[in-house]
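S.K.: Could you have a look at this structure, given as structure tokens, before my questions?
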Amino acid sequence: MNENLKDFIKPGSEEELLVNQIDFSRLPRHIAIIMDGNGRWAEQKNLPRVEGHRAGSKSVREAVETAAQLGIRYLTLYAFSKENWKRPKREIQTLWKLLKDYLKKEDKVLVGNRFRLKVIGQRDKIPSSVRNELERVEENTKDFDRLTIILALNYGGRDEIVDAVKRIFREKEHDIESLDEEKFSHYLYTNHIPDPDLLIRTSGELRVSNFLLWQIAYSEIWITQVFWPDFRKKHMLQALVDYQKRERRFGDIHPHEK
Ligand code: FPP
């Protein structure tokens with residue numbers, strides 16, 4: 001096993017079996033996660049939905065730690081979609097509170113581990129106390145690059161594309177004929193971030209839910225039935241093992257067929 005992982009993976013565990021199947025020279029650079037199923041997890045346990053979100057924030061910590069230990073460079077988490085505003089007020093307040101608590105608690109962990117935090121989404125509607133906290137942590141971590149954690153907040157994939165078009169129009173100085181995919185991508189919230197190689201969705205739904213619509217064009221998708229609060233490092237390892245079994249051709253054919 002990779003020396004650095006010795007303290008992180010228990011000998012003889014299921015995780016160890018999985019780690020031994022991973023080729024560390026072919027890891028995805030960027031993993032994006034649709035964290036779904038907090039509500040159902042809580043309902044199954046006869047708990048209020050907000051308890052699902054509370055348990056889900058623990059899974060966030062574990063996912064961040066796992067990604068970092070494995071050497072993943074970018075981790076994007078869909079934490080609050082534009083559509084989530086339709087939920088009851090109390091649930092919305094809890095989600096923002098959990099995020100604020102996470103930032104307060106994890107601030108030192110992020111800096112200590114040289115993790116960078118970045119927010120994508122329309123910031124103007126994020127409650128100002130949370131936005132201030134987010135921007136403080138973004139500023140404190142902006143020079144780090146061991147792992148970049150990208151939080152999608154008040155995020156919508158279609159909004160992101162429309163916002164990019166608006167910026168292009170506003171800047172006016174373009175030769176519009178020279179606009180291509182590469183140049184367009186610089187106007188997205190994810191400018192300078194490579195596209196996700198792997199998209200994980202928990203709780204079994206077969207949808208992309210307006211998440212990173214442009215960026216996931218060639219991502220491998222891995223869906224698990226597990227609810228987000230039950231998502232542990234073994235699940236991320238399972239996703240990686242599966243990812244490495246796939247052949248990514250980006251629309252090309254296999255070289256031996258040419
Ligand atoms: C989906 O479950 C999850 C969310 C809408 C929010 C994710 C938020 C967290 C994990 C907590 C805080 C975040 C951070 C970054 C600390 P759902 O409520 O849609 O579940 P359901 O589909 O079963 O109802």
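In the structure tokens, each chain is lettered A, B, ... as it comes, each chain's residues begin at 1, and ligands are numbered from 1 in order of appearance.
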Need the shell around A:Leu237: protein/DNA/RNA residues with any atom at most 12 Å away, counting only C-alpha atoms. Skip same-chain ones fewer than 3 positions apart. Format as a PyMOL selection string?

M.R.: chain A and resi 9+14-24+27-28+31+63+66-67+69-70+72+200+222+231-234+240-244

S.K.: Around ligand 1, out to 10 Å and counting only C-alpha atoms and all ligand atoms, which residues are there? I want them as number ranges by chain.

M.R.: A: 34-44, 49-61, 64, 76-81, 83-85, 87, 91-92, 94-103, 106, 149-153, 202-205, 227-229

S.K.: Hey, what does DSSP flag as alpha helix (DSSP H) within stretch 43-246 of chain A? Can you give it to me as a PyMOL selection string?

M.R.: chain A and resi 43-44+49-70+89-112+128-141+157-171+181-185+233-245

S.K.: For A:Glu138, which of A:Leu117, A:Tyr189, A:Glu182, A:Asn154 is the closest residue, counting only C-alpha atoms?

M.R.: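 Distance minimum relative to A:Glu138 lands on A:Leu117.
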
S.K.: Which of these, A:Ser13, A:Gln215, A:Gln238, A:Asn210, has the shortest distance to A:Ser185 once you count only C-alpha atoms?

M.R.: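 Using only C-alpha atoms, the shortest distance to A:Ser185 belongs to A:Gln215.
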
S.K.: Just list as a VMD selection string whatever in stretch 8-230 of chain A DSSP marks as strand (DSSP E or B).

M.R.: chain A and resid 30 to 34 74 to 81 115 to 120 147 to 155 198 to 201 220 to 223
